[in-house]
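K.L.:
One file: work10.txt (compact mmCIF, C-alpha atoms).
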# COMPACT_ATOMS: atom_id res chain seq x y z
CA MET A 187 0.00 0.00 0.00
CA PHE A 188 1.17 3.48 -0.81
CA LEU A 189 1.93 5.78 2.07
CA HIS A 190 0.36 9.18 1.63
CA SER A 191 2.84 10.93 3.89
CA ARG A 192 5.78 9.34 2.08
CA LEU A 193 4.44 10.43 -1.31
CA ARG A 194 3.86 13.97 -0.11
CA ALA A 195 7.39 14.10 1.24
CA THR A 196 8.81 12.75 -2.03
CA TYR A 197 7.07 15.10 -4.45
CA ARG A 198 7.83 18.78 -4.67
CA PHE A 199 5.84 21.26 -6.69
CA PRO A 200 8.21 22.71 -9.28
CA LEU A 201 9.35 26.26 -8.68
CA ILE A 202 8.87 28.03 -11.98
CA MET A 203 10.67 31.32 -12.60
CA GLY A 204 10.66 32.15 -8.93
CA ARG A 205 7.01 31.25 -8.36
CA LEU A 206 4.98 28.16 -7.61
CA LEU A 207 2.98 27.01 -10.61
CA THR A 208 0.19 25.64 -8.43
CA SER A 209 -1.63 26.59 -5.28
CA GLU A 210 -4.65 25.32 -3.39
CA THR A 211 -6.97 26.68 -6.06
CA GLY A 212 -4.55 27.74 -8.79
CA GLY A 213 -6.41 27.85 -12.09
CA CYS A 214 -9.43 26.07 -10.61
CA LEU A 215 -12.56 27.80 -9.49
CA SER A 216 -12.68 28.78 -5.85
CA LYS A 217 -15.39 27.28 -3.70
CA SER A 218 -17.21 30.60 -3.51
CA THR A 219 -17.72 30.72 -7.30
CA VAL A 220 -19.27 27.24 -7.53
CA PRO A 221 -22.92 26.96 -6.42
CA ASP A 222 -23.44 24.42 -3.64
CA MET A 223 -25.61 21.67 -5.10
CA ASN A 224 -24.55 18.59 -3.16
CA GLU A 225 -27.24 18.74 -0.49
CA GLY A 226 -29.00 15.40 -0.36
CA HIS A 227 -26.91 13.82 -3.11
CA VAL A 228 -25.41 10.37 -2.62
CA PRO A 229 -22.19 9.85 -4.61
CA ILE A 230 -22.11 6.94 -7.02
CA HIS A 231 -19.15 4.64 -7.65
CA VAL A 232 -17.05 5.41 -10.72
CA ASN A 233 -17.77 1.92 -12.09
CA ASP A 234 -21.51 2.63 -12.01
CA VAL A 235 -21.25 5.51 -14.50
CA ARG A 236 -20.85 3.34 -17.58
CA SER A 237 -23.46 0.81 -16.38
CA ARG A 238 -25.99 3.61 -15.90
CA LEU A 239 -25.28 4.91 -19.37
CA ARG A 240 -25.86 1.48 -20.89
CA ALA A 241 -29.19 1.20 -19.06
CA ILE A 242 -30.31 4.66 -20.24
CA VAL A 243 -29.45 3.94 -23.88
CA GLY A 244 -30.46 0.30 -23.83
CA ALA A 245 -27.03 -0.82 -25.00
CA SER A 246 -25.88 -4.38 -24.59
CA THR A 247 -22.72 -5.37 -22.75
CA ASN A 248 -22.21 -8.15 -25.30
CA TRP A 249 -20.59 -7.09 -28.56
CA ARG A 250 -22.47 -9.82 -30.48
CA ASP A 251 -25.79 -8.19 -29.54
CA HIS A 252 -24.89 -4.64 -30.52
CA VAL A 253 -26.70 -4.63 -33.88
CA GLU A 254 -29.95 -5.82 -32.33
CA ALA A 255 -29.65 -3.29 -29.49
CA MET A 256 -29.09 -0.39 -31.89
CA ASN A 257 -31.97 -1.47 -34.13
CA ALA A 258 -34.25 -1.44 -31.11
CA ARG A 259 -33.53 2.27 -30.64
CA LYS A 260 -35.21 3.14 -33.93
CA SER A 261 -38.59 2.80 -32.26
CA LEU A 262 -37.70 5.67 -29.91
CA GLN A 263 -37.94 8.23 -32.72
CA SER A 264 -41.56 8.92 -31.77
CA LEU A 265 -40.47 10.14 -28.32
CA LEU A 266 -38.48 13.05 -29.73
CA PRO A 267 -40.16 16.45 -29.28
CA LYS A 268 -40.91 18.58 -32.32
CA ARG A 269 -40.00 21.81 -30.49
CA GLN A 270 -37.75 22.69 -27.57
CA GLU A 271 -40.68 24.56 -26.00
CA ASP A 272 -42.46 21.23 -25.55
CA LEU A 273 -39.82 20.07 -23.09
CA PRO A 274 -39.92 20.94 -19.37
CA ALA A 275 -37.27 23.38 -18.17
CA ARG A 276 -34.63 22.07 -15.79
CA ARG A 277 -32.47 23.61 -13.07
CA MET A 278 -28.72 23.22 -12.72
CA LYS A 279 -29.15 21.19 -9.57
CA ASP A 280 -31.34 18.71 -11.45
CA SER A 281 -28.31 17.43 -13.38
CA TYR A 282 -25.80 17.59 -10.51
CA ILE A 283 -23.90 14.33 -9.95
CA GLU A 284 -21.11 13.25 -7.61
CA VAL A 285 -18.90 10.28 -8.40
CA ILE A 286 -16.35 8.67 -6.10
CA LEU A 287 -13.15 6.98 -7.25
CA PRO A 288 -12.20 5.17 -4.01
CA LEU A 289 -8.47 4.75 -4.48
CA GLY A 290 -7.95 4.93 -0.74
CA SER A 291 -10.35 2.18 0.26
CA GLN A 292 -10.19 -0.07 -2.83
CA PRO A 293 -6.56 -0.91 -3.65
CA GLU A 294 -7.65 -3.11 -6.59
CA LEU A 295 -8.55 0.06 -8.50
CA ARG A 296 -5.08 1.57 -8.15
CA GLU A 297 -3.42 -0.67 -10.72
CA LYS A 298 -5.65 0.75 -13.45
CA TYR A 299 -4.96 4.36 -12.47
CA LEU A 300 -1.31 4.11 -11.41
CA ASN A 301 1.46 5.65 -13.54
CA VAL A 302 5.18 4.90 -13.46
CA HIS A 303 5.83 7.90 -11.19
CA ASN A 304 3.50 6.58 -8.46
CA GLY A 305 0.87 9.13 -9.37
CA VAL A 306 -2.52 8.91 -11.05
CA ARG A 307 -2.72 8.56 -14.83
CA PHE A 308 -4.21 11.75 -16.23
CA GLY A 309 -5.46 9.88 -19.29
CA ARG A 310 -7.66 7.69 -17.08
CA LEU A 311 -9.22 10.79 -15.55
CA LEU A 312 -9.99 12.05 -19.07
CA GLU A 313 -11.90 8.83 -19.72
CA ASP A 314 -13.90 9.23 -16.51
CA LEU A 315 -14.67 12.88 -17.26
CA ASP A 316 -15.97 11.98 -20.72
CA SER A 317 -18.33 9.33 -19.36
CA LEU A 318 -19.49 11.56 -16.53
CA GLY A 319 -20.21 14.44 -18.90
CA VAL A 320 -22.52 12.24 -20.96
CA LEU A 321 -24.31 10.93 -17.86
CA ILE A 322 -24.83 14.48 -16.56
CA CYS A 323 -26.48 15.45 -19.86
CA TYR A 324 -28.72 12.39 -19.79
CA THR A 325 -29.73 13.39 -16.26
CA HIS A 326 -30.63 16.87 -17.53
CA THR A 327 -32.71 15.44 -20.40
CA LYS A 328 -34.23 12.46 -18.58
CA VAL A 329 -37.66 11.37 -19.75
CA GLU A 330 -40.13 10.85 -16.95
CA HIS A 331 -41.81 7.44 -16.53
CA THR A 332 -39.38 5.68 -18.83
CA GLY A 333 -35.96 4.22 -18.28
CA THR A 334 -34.63 4.59 -21.83
CA SER A 335 -33.73 7.88 -23.46
CA PRO A 336 -34.44 8.53 -27.16
CA LEU A 337 -31.42 10.85 -27.33
CA SER A 338 -27.94 9.95 -28.45
CA ILE A 339 -25.68 12.28 -26.46
CA VAL A 340 -22.08 12.51 -27.62
CA THR A 341 -19.05 14.66 -26.80
CA ALA A 342 -18.63 17.47 -29.32
CA LEU A 343 -15.82 19.43 -27.72
CA VAL A 344 -13.51 19.56 -24.74
CA ASP A 345 -13.47 23.33 -24.36
CA LYS A 346 -10.90 23.56 -21.57
CA ILE A 347 -9.34 21.63 -18.72
CA ASP A 348 -7.31 23.61 -16.18
CA LYS A 349 -5.20 21.79 -13.61
CA CYS A 350 -4.35 23.37 -10.28
CA LYS A 351 -2.49 20.39 -8.73
CA GLN A 352 0.31 18.58 -10.52
CA ILE A 353 0.61 15.61 -8.19
CA ILE A 354 -2.43 13.36 -7.82
CA TYR A 355 -1.87 10.74 -5.13
CA PRO A 356 -2.75 7.10 -5.96
CA ASP A 357 -3.88 6.15 -2.41
CA CYS A 358 -6.43 8.91 -1.71
CA ASP A 359 -10.06 9.00 -2.81
CA ILE A 360 -10.99 11.21 -5.76
CA LYS A 361 -14.35 12.89 -6.20
CA PHE A 362 -15.89 14.09 -9.47
CA THR A 363 -18.74 16.61 -9.43
CA GLY A 364 -20.53 18.32 -12.27
CA ASN A 365 -23.72 19.63 -13.82
CA VAL A 366 -25.09 21.32 -16.93
CA THR A 367 -24.34 25.07 -16.87
CA TRP A 368 -25.55 26.24 -20.29
CA VAL A 369 -27.98 24.96 -22.91
CA GLY A 370 -28.62 25.81 -26.56
CA LYS A 371 -31.13 24.13 -28.88
CA SER A 372 -29.33 20.79 -29.07
CA SER A 373 -26.04 21.44 -27.23
CA MET A 374 -25.16 21.53 -23.55
CA GLU A 375 -22.13 22.87 -21.69
CA VAL A 376 -21.07 20.76 -18.72
CA LYS A 377 -18.69 21.94 -16.01
CA MET A 378 -16.98 19.27 -13.94
CA HIS A 379 -14.59 19.47 -11.01
CA VAL A 380 -12.14 16.86 -9.73
CA LEU A 381 -11.05 16.90 -6.09
CA GLN A 382 -8.91 14.63 -3.92
CA LEU A 383 -9.32 13.77 -0.27
CA LEU A 384 -6.22 15.03 1.55
CA ASP A 385 -6.07 15.18 5.35
CA GLY A 386 -9.85 14.87 5.58
CA VAL A 387 -10.61 17.70 3.13
CA TYR A 388 -11.35 17.53 -0.60
CA SER A 389 -8.85 19.76 -2.41
CA PRO A 390 -9.33 20.89 -6.05
CA ILE A 391 -7.32 19.12 -8.76
CA LEU A 392 -8.83 20.42 -11.97
CA ASP A 393 -11.81 22.09 -13.61
CA ALA A 394 -13.17 20.86 -16.93
CA THR A 395 -15.64 22.30 -19.43
CA PHE A 396 -17.13 19.94 -22.02
CA VAL A 397 -19.71 20.60 -24.74
CA MET A 398 -22.14 17.77 -25.51
CA VAL A 399 -24.65 17.52 -28.35
CA ALA A 400 -27.94 15.62 -28.52
CA ARG A 401 -28.79 13.55 -31.58
CA ASP A 402 -31.73 11.34 -32.55
CA PRO A 403 -31.81 7.64 -31.51
CA GLU A 404 -29.86 6.59 -34.60
CA ASN A 405 -27.35 9.46 -34.24
CA THR A 406 -28.16 10.87 -37.68
CA ARG A 407 -29.52 14.37 -36.91
CA SER A 408 -29.69 16.86 -34.05
CA ALA A 409 -32.39 16.70 -31.37
CA PHE A 410 -33.79 19.26 -28.94
CA VAL A 411 -32.78 19.29 -25.27
CA ASN A 412 -34.53 20.67 -22.21
CA PRO A 413 -34.07 24.40 -21.61
CA LEU A 414 -32.12 25.47 -18.53
CA VAL A 415 -33.34 27.98 -15.95
CA PRO A 416 -30.58 29.40 -13.71
CA GLU A 417 -31.45 30.20 -10.10
CA GLY A 418 -29.63 32.97 -8.26
CA PRO A 419 -26.71 35.20 -9.29
CA GLU A 420 -24.07 32.45 -9.20
CA GLU A 421 -25.99 30.25 -11.63
CA GLU A 422 -26.83 33.24 -13.81
CA ASN A 423 -23.12 34.03 -14.01
CA LEU A 424 -22.35 30.44 -15.03
CA PHE A 425 -25.05 30.51 -17.70
CA HIS A 426 -23.78 33.86 -18.99
CA GLN A 427 -20.24 32.50 -19.07
CA GLY A 428 -21.50 29.56 -21.12
CA GLU A 429 -22.88 31.97 -23.71
CA LEU A 430 -19.59 33.89 -23.74
CA ASN A 431 -17.73 30.61 -24.21
CA ARG A 432 -19.88 29.82 -27.24
CA LYS A 433 -19.15 33.22 -28.80
CA ARG A 434 -15.43 32.84 -28.03
CA ARG A 435 -15.34 29.48 -29.79
CA VAL A 436 -17.04 30.94 -32.85
CA ALA A 437 -14.58 33.85 -32.94
CA PHE A 438 -11.58 31.55 -32.44
CA ASN A 439 -12.75 29.30 -35.27
CA THR A 440 -13.37 32.28 -37.55
CA ALA A 441 -9.82 33.52 -36.95
CA SER A 442 -8.32 30.08 -37.64
CA LEU A 443 -5.06 30.19 -39.58
CA LEU A 444 -6.63 27.67 -41.94
CA LYS A 445 -9.10 30.40 -42.96
CA THR A 446 -7.43 33.78 -42.45
CA ALA A 447 -3.90 35.18 -42.66
CA PRO A 448 -1.90 35.76 -39.45
CA ALA A 449 -2.23 39.10 -37.71
CA ALA A 450 0.46 41.73 -38.27
CA ASP A 451 2.29 41.01 -35.02
CA GLU A 452 2.22 37.26 -35.78
CA LYS A 453 3.74 37.89 -39.21
CA ASN A 454 6.54 39.82 -37.54
CA ILE A 455 7.22 36.91 -35.18
CA VAL A 456 7.54 34.49 -38.10
CA HIS A 457 9.79 36.85 -40.05
CA ASP A 458 12.04 37.50 -37.05
CA MET A 459 12.46 33.76 -36.51
CA PHE A 460 13.26 33.33 -40.19
CA LEU A 461 15.93 36.02 -40.03
CA ASP A 462 17.34 34.42 -36.90
CA THR A 463 17.99 31.20 -38.84
CA LEU A 464 19.75 32.71 -41.85
CA ASP A 465 23.44 31.91 -42.28
CA LYS A 466 25.21 35.24 -41.79
CA LYS A 467 28.17 34.02 -43.87
CA THR A 468 26.28 33.24 -47.05
CA VAL A 469 23.39 35.71 -46.69
CA SER A 470 21.20 33.36 -48.72
CA PHE A 471 17.51 32.56 -48.39
CA ARG A 472 18.32 28.88 -48.89
CA SER A 473 20.98 28.63 -46.21
CA ARG A 474 19.39 28.02 -42.82
CA VAL A 475 21.24 27.60 -39.53
CA LEU A 476 19.74 26.35 -36.28
CA PRO A 477 20.19 28.92 -33.47
CA PRO A 478 21.80 27.79 -30.18
CA ASN A 479 19.63 25.78 -27.77
CA SER A 480 17.00 25.22 -30.44
CA VAL A 481 15.37 22.29 -32.24
CA TRP A 482 13.87 22.21 -35.73
CA MET A 483 10.13 21.56 -35.50
CA GLU A 484 10.38 18.69 -37.95
CA GLU A 485 12.53 16.80 -35.43
CA ALA A 486 10.11 17.16 -32.52
CA LYS A 487 7.37 14.73 -33.45
CA LEU A 488 6.23 11.19 -32.68
CA LYS A 489 3.67 8.95 -34.36
CA GLY A 490 1.53 6.03 -33.26
CA LEU A 491 -0.97 3.53 -34.62
CA GLN A 492 -3.97 2.06 -32.83
CA ILE A 493 -6.21 -0.76 -34.05
CA CYS A 494 -9.72 0.04 -32.77
CA HIS A 495 -11.06 -3.13 -31.15
CA PRO A 496 -14.61 -3.64 -29.80
CA GLN A 497 -13.30 -3.51 -26.22
CA GLU A 498 -12.90 0.27 -26.54
CA ARG A 499 -16.42 0.92 -27.86
CA ASN A 500 -18.87 3.36 -26.27
CA ILE A 501 -22.58 2.81 -25.64
CA PHE A 502 -23.28 3.62 -29.30
CA ASN A 503 -20.77 1.05 -30.54
CA ARG A 504 -18.21 3.49 -31.78
CA ILE A 505 -14.79 4.09 -30.25
CA PHE A 506 -15.10 5.74 -26.84
CA GLY A 507 -14.07 9.41 -26.93
CA GLY A 508 -12.33 9.10 -23.58
CA PHE A 509 -10.17 6.32 -24.99
CA LEU A 510 -9.14 8.58 -27.87
CA MET A 511 -8.27 11.36 -25.43
CA ARG A 512 -6.20 9.00 -23.28
CA LYS A 513 -4.22 7.69 -26.24
CA ALA A 514 -3.64 11.19 -27.59
CA PHE A 515 -2.57 12.51 -24.19
CA GLU A 516 -0.12 9.65 -23.59
CA LEU A 517 1.49 10.19 -26.99
CA GLY A 518 1.59 13.95 -26.37
CA TRP A 519 3.14 13.40 -22.94
CA THR A 520 5.76 11.09 -24.46
CA THR A 521 6.58 13.71 -27.07
CA ALA A 522 7.02 16.36 -24.39
CA PHE A 523 9.13 13.94 -22.33
CA THR A 524 11.51 13.06 -25.17
CA TYR A 525 11.77 16.71 -26.23
CA SER A 526 12.52 18.14 -22.81
CA GLY A 527 14.50 15.22 -21.40
CA SER A 528 12.65 15.45 -18.08
CA ARG A 529 9.25 14.60 -16.68
CA PRO A 530 6.56 16.92 -18.07
CA PHE A 531 3.40 17.94 -16.20
CA VAL A 532 0.20 18.76 -18.02
CA VAL A 533 -1.21 22.13 -16.95
CA ALA A 534 -4.01 22.68 -19.47
CA VAL A 535 -6.03 20.97 -22.19
CA ASP A 536 -8.18 22.93 -24.60
CA ASP A 537 -10.08 22.94 -27.87
CA ILE A 538 -10.42 19.20 -28.49
CA MET A 539 -12.91 19.01 -31.33
CA PHE A 540 -14.54 15.65 -32.14
CA GLN A 541 -14.92 16.10 -35.90
CA ARG A 542 -16.13 12.63 -36.81
CA PRO A 543 -16.73 9.32 -35.01
CA VAL A 544 -14.24 6.48 -35.08
CA GLU A 545 -15.74 3.17 -36.09
CA ILE A 546 -14.87 -0.24 -34.67
CA GLY A 547 -12.10 -1.82 -36.73
CA SER A 548 -10.61 1.49 -37.85
CA LEU A 549 -6.89 2.05 -38.16
CA LEU A 550 -6.25 5.13 -36.03
CA PHE A 551 -3.11 7.12 -36.79
CA LEU A 552 -1.83 9.60 -34.19
CA ALA A 553 0.80 12.26 -34.91
CA SER A 554 2.16 14.35 -32.02
CA GLN A 555 4.13 17.56 -32.52
CA VAL A 556 5.80 20.10 -30.23
CA CYS A 557 4.65 23.28 -31.97
CA TYR A 558 5.45 26.06 -29.48
CA THR A 559 7.75 26.58 -26.50
CA ASN A 560 8.10 29.31 -23.89
CA ARG A 561 10.73 28.96 -21.17
CA ASN A 562 9.70 25.74 -19.40
CA HIS A 563 6.38 25.29 -21.23
CA MET A 564 5.62 23.23 -24.32
CA GLN A 565 2.50 23.29 -26.47
CA VAL A 566 1.91 19.88 -28.01
CA ARG A 567 -0.56 19.24 -30.83
CA VAL A 568 -1.81 15.71 -31.51
CA HIS A 569 -3.56 15.03 -34.80
CA SER A 570 -5.62 11.85 -35.16
CA GLU A 571 -6.99 10.38 -38.36
CA VAL A 572 -8.54 7.13 -39.51
CA PHE A 573 -7.66 5.23 -42.65
CA ASP A 574 -10.54 4.12 -44.84
CA THR A 575 -9.27 0.84 -46.28
CA THR A 576 -12.02 0.77 -48.93
CA ALA A 577 -11.55 4.28 -50.32
CA ARG A 578 -7.83 4.30 -49.43
CA GLN A 579 -8.23 7.72 -47.81
CA HIS A 580 -7.29 9.34 -44.50
CA HIS A 581 -9.88 11.37 -42.58
CA THR A 582 -9.18 13.66 -39.61
CA THR A 583 -11.15 12.74 -36.50
CA ASN A 584 -9.65 14.90 -33.75
CA ILE A 585 -7.04 17.53 -33.00
CA PHE A 586 -5.82 17.70 -29.40
CA HIS A 587 -4.01 20.58 -27.71
CA PHE A 588 -1.99 20.00 -24.52
CA THR A 589 0.11 22.46 -22.51
CA PHE A 590 2.99 20.86 -20.59
CA MET A 591 5.63 22.28 -18.28
CA THR A 592 8.88 20.99 -16.83
CA GLU A 593 11.04 22.11 -13.94
CA ASN A 594 13.75 23.52 -16.24
CA ASP A 595 13.63 25.53 -19.46
CA VAL A 596 13.31 23.55 -22.69
CA PRO A 597 14.98 24.14 -26.09
CA ARG A 598 13.30 26.64 -28.35
CA ILE A 599 11.25 25.10 -31.17
CA ILE A 600 12.01 26.58 -34.61
CA PRO A 601 9.77 26.17 -37.68
CA LYS A 602 11.46 25.84 -41.06
CA THR A 603 8.56 25.93 -43.54
CA TYR A 604 5.52 28.20 -43.85
CA GLY A 605 3.25 25.36 -42.78
CA GLU A 606 5.32 24.80 -39.64
CA SER A 607 5.20 28.54 -38.96
CA MET A 608 1.39 28.37 -38.97
CA LEU A 609 1.57 25.45 -36.52
CA TYR A 610 3.85 27.57 -34.35
CA LEU A 611 1.41 30.50 -34.32
CA ASP A 612 -1.55 28.20 -33.68
CA GLY A 613 0.33 26.66 -30.75
CA LYS A 614 1.15 30.12 -29.43
CA ARG A 615 -2.54 31.05 -29.55
CA HIS A 616 -3.56 27.97 -27.60
CA TYR A 617 -0.77 28.49 -25.10
CA GLU A 618 -1.82 32.07 -24.43
CA SER A 619 -5.47 31.05 -24.06
CA SER A 620 -4.54 28.95 -21.01
CA ALA A 621 -5.47 30.49 -17.66
CA LEU A 622 -2.42 28.90 -16.03
CA VAL A 623 0.35 30.63 -17.97
CA GLU A 624 1.71 34.15 -17.86
CA LYS A 625 0.45 36.17 -20.82
CA ASP A 626 3.43 38.55 -20.73
CA SER A 627 6.12 35.88 -20.99
CA PRO A 628 8.60 36.52 -23.80
CA VAL A 629 8.68 34.18 -26.78
Write out the structure in this file as structure tokens.

P.N.:
Amino acid sequence: MFLHSRLRATYRFPLIMGRLLTSETGGCLSKSTVPDMNEGHVPIHVNDVRSRLRAIVGASTNWRDHVEAMNARKSLQSLLPKRQEDLPARRMKDSYIEVILPLGSQPELREKYLNVHNGVRFGRLLEDLDSLGVLICYTHTKVEHTGTSPLSIVTALVDKIDKCKQIIYPDCDIKFTGNVTWVGKSSMEVKMHVLQLLDGVYSPILDATFVMVARDPENTRSAFVNPLVPEGPEEENLFHQGELNRKRRVAFNTASLLKTAPAADEKNIVHDMFLDTLDKKTVSFRSRVLPPNSVWMEEAKLKGLQICHPQERNIFNRIFGGFLMRKAFELGWTTAFTYSGSRPFVVAVDDIMFQRPVEIGSLLFLASQVCYTNRNHMQVRVHSEVFDTTARQHHTTNIFHFTFMTENDVPRIIPKTYGESMLYLDGKRHYESSALVEKDSPV
């Protein structure tokens, strides 16, 4: 059994540029900004989340029965409302759920969550957050007097995950809480919080914001969800923030470097880096020299391949989104580790867009790239795509953005081509959008 006191004595929070990266609340919301909704709620076991989802959807635990189970959902089309106004409004507390991961009292769970540094695997927490987010949305949209929901609720976007504790102990209970905080016509924003029991008190670990969408029983078109009525100023602020988040996402997507040219200051950054790599002896555009303590971007990447087996399917018999996030994170972490030469810590995750589902039997290709660095921080981009063996084509499914930090400064990443320069600027944008980094840090 792990000794909590020994672990706490072994780990030290890294001192970054004369300051501690984390604190008791750090980038997480303080208790005063989160409405208290846990009165009368009994936490459920983490293993019960997936079983509850299967019961709500009517999914079978046996892969051989999945076709029959999905065909049975076609009859639920008649339960879908024609208008959102026909659905009863819900409160935020109606969707509130607490989940316990009893690492302290159930040692058999630790093996699944344990990493090689005697901490908790962050990728496993991503899987649990994804499942919990879906269950929270089904709780918000529950149909009275029936146990099966006609909705297919899937993860559309991981908007942001901010960590405020780097070390997560493997022998202390973890609690997940969350509820719906904003609703559109067919989309829902879910805020979740992860805390760990330390010295008798639950301390914040991270805050997560997911966006879920509701589809019809066959997952072919959008479906209406229950409207949300905030109660009190705290809930009104959360709902308003959800609307601001939606507008921010639209603006960020509109300004994508795949659609518009870089801003003037971004063009200057790229040009200055280009000039910094010119060979002063030849004064030629073709002669490029790597500056000291730098790495060419093309040399800071790793790739992986995953065969998508039925074991990793979700309740709709496609590959579980949490599994994709875990695989992408672990490849991104490995890339940061090999690049920096020391153990990296994830401090933020943002803008994970689920562009298309991954089918059972797919060949999933993952490509991880360090695309931006700043002192001891690295921005890592992981691109995932599936290979269609029939059409002989590759299709993008997800793009993941992770912010890592190490105790010491890392080499500067240098793009060589225009395409790499756009990756660099995109990484810089994601890095600066993180609430846990200093906006005024030099490049």

K.L.:
Within 12 Å of A:Leu517, counting all atoms listed in the file, which residues show up once you throw out same-chain ones fewer than 5 positions away? Write them as a list in words, please.

P.N.:
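After dropping sequence-adjacent residues, the list is Gly309, Lys487, Leu488, Lys489, Gly490, Leu491, Gln492, Leu510, Met511, Arg512, Ala522, Phe523, Thr524, Phe551, Leu552, Ala553, Ser554, Gln555, Val556, Val566, Arg567, Val568, His569, Ser570, Phe586, His587 and Phe588 of chain A.
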
K.L.:
For A:Asp458, which residue among A:Ser291, A:Asn412, A:Asn257, A:Ser607 is the nearest when counting all atoms listed in the file?

P.N.:
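Smallest separation from A:Asp458 among the options: A:Ser607.
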
K.L.:
With distances taken over all atoms listed in the file, which of A:Ser389, A:Val397, A:Glu420, A:Gln292 is nearest to A:Ile354?

P.N.:
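That would be A:Ser389, the residue with the smallest distance to A:Ile354.
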
K.L.:
Could you check the closest approach to A:Asp348 for each of A:Phe531, A:Cys214, A:Thr440, A:Cys557 and tell me which residue wins, using all atoms listed in the file?

P.N.:
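Looking at the shortest contact to A:Asp348, the residue is A:Cys214.
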
K.L.:
As an exercise, work out the distance from atom CA of A:Arg401 to atom CA of A:Leu337 in Å and give it to one decimal place.

P.N.:
5.7 Å

K.L.:
Atom CA of A:Gly305 to atom CA of A:Asp357: how many Å, to one decimal?

P.N.:
8.9 Å
